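A.B. asks: Okay, here's the structure, questions in a sec.
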Amino acid sequence: MSIVITYLLVSAVFIVLRRREPEMHRPLRVGGRSAAGGIAVGVAAVITTACLLALYVPGMPAMLDVQPYVILGLWWLLGVVFLVRVPGGVAPGADAEERLLERLAERRSSAS
């Protein structure tokens, strides 16, 4: 189930990046040269993975017992803990990763 949720999130981020960063370097062009083609592929991916996720709903063929849902919840809680530790205020752009790493280095140097 976590893998399907990850596929869903990747599909959503695909659409978001197509809209926010249209000039980003992409080694693989999905959907042709037009932006609409890429968005259409992204929307189809979101719909498909949402349908796959629906298979895990109780009463469906891939229904899970309670224990996997507990484990899933604990993994997501751990993910939220790590997400909260990421510094905010880094705007998107070509050098966003470098700025994030600089901000992390500043945080580490001020903590020690």
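Labels used: A, B, ... for chains in the order of the structure tokens, numbers from 1 for residues in each chain, and numbers from 1 for ligands as shown.
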Excluding Val13 in chain A and any residue of its chain fewer than 5 positions from it, enumerate the residues within 12 Å of it, using only C-alpha atoms, and give them as a list of chain:residue names.

C.D. replies: A:Thr6, A:Tyr7, A:Leu8, A:Arg18, A:Arg19, A:Arg20, A:Glu21, A:Ile39, A:Gly42, A:Val43, A:Ala45, A:Val46

A.B. asks: Can those selected residues be exported to a file as a short mmCIF file (atom, residue, chain, number, x, y, z; two decimals), in the first residue's frame so that it contains C-alpha atoms?

C.D. replies:
```cif
data_model
loop_
_atom_site.label_atom_id
_atom_site.label_comp_id
_atom_site.auth_asym_id
_atom_site.auth_seq_id
_atom_site.Cartn_x
_atom_site.Cartn_y
_atom_site.Cartn_z
CA THR A 6 4.25 6.73 -3.27
CA TYR A 7 3.24 6.26 -6.91
CA LEU A 8 0.29 8.59 -6.31
CA ARG A 18 5.21 20.58 -15.05
CA ARG A 19 3.23 23.64 -14.02
CA ARG A 20 5.71 25.38 -11.68
CA GLU A 21 8.99 24.58 -13.45
CA ILE A 39 -0.19 17.22 -17.92
CA GLY A 42 0.27 13.09 -15.21
CA VAL A 43 -3.50 13.25 -14.70
CA ALA A 45 -1.17 8.52 -13.74
CA VAL A 46 -2.93 10.11 -10.74
#
```

A.B. asks: Please report, as an NGL selection string, each residue of chain A to which DSSP assigns alpha helix (DSSP H) when run on this structure's backbone.

C.D. replies: :A and (2-20 or 35-54 or 66-85 or 96-111)

A.B. asks: Applying 12 Å and only C-alpha atoms, which residues near Val41 in chain A remain after dropping the ones on its own chain fewer than 5 positions away? List them as an MDAnalysis selection string.

C.D. replies: chainID A and resid 11:12 14:15 18 29:32 34:36 46:48

A.B. asks: Using only C-alpha atoms, can you tell me which of A:Ile5, A:Val70, A:Leu78, A:Val10 comes closest to Cys51 in chain A?

C.D. replies: A:Ile5

A.B. asks: Can you tell me how far CA of Val16 in chain A sits from CA of Pro92 in chain A, in Å to one decimal?

C.D. replies: 11.5 Å

A.B. asks: Fewer than 2 positions away in the same chain doesn't count, so skip those; otherwise give me all residues within 12 Å of Ser2 in chain A, counting only C-alpha atoms, as an MDAnalysis selection string.

C.D. replies: chainID A and resid 4:9 49 52:53 56 68:69 71:76 79

A.B. asks: What does the distance between CA of Leu104 in chain A and CA of Gly88 in chain A come to in Å, to one decimal place?

C.D. replies: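 Taking CA of Leu104 in chain A and CA of Gly88 in chain A, their separation equals 10.2 Å.
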
A.B. asks: Can you tell me how far CA of Pro27 in chain A sits from CA of Leu83 in chain A, in Å to one decimal?

C.D. replies: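 CA of Pro27 in chain A sits 28.0 Å away from CA of Leu83 in chain A.
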
A.B. asks: From the options A:Val90, A:Val84, A:Met1, A:Glu102, which residue's atoms come nearest to Leu55 in chain A, counting only C-alpha atoms?

C.D. replies: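 Among A:Val90, A:Val84, A:Met1, A:Glu102, it is A:Met1 that comes nearest to Leu55 in chain A.
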
A.B. asks: Might you pull out every residue within 12 Å of range 108-112 of chain A, with only C-alpha atoms counted and same-chain residues fewer than 6 positions away left off, and present them as a list in words?

C.D. replies: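 My reading of the contact set: Arg85, Pro87, Leu101 and Glu102 of chain A.
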
A.B. asks: Please provide the set of residues having any atom within 9 Å of Met24 in chain A, restricted to only C-alpha atoms, with same-chain residues fewer than 4 positions apart removed, written as a PyMOL selection string.

C.D. replies: chain A and resi 17-18+93-94
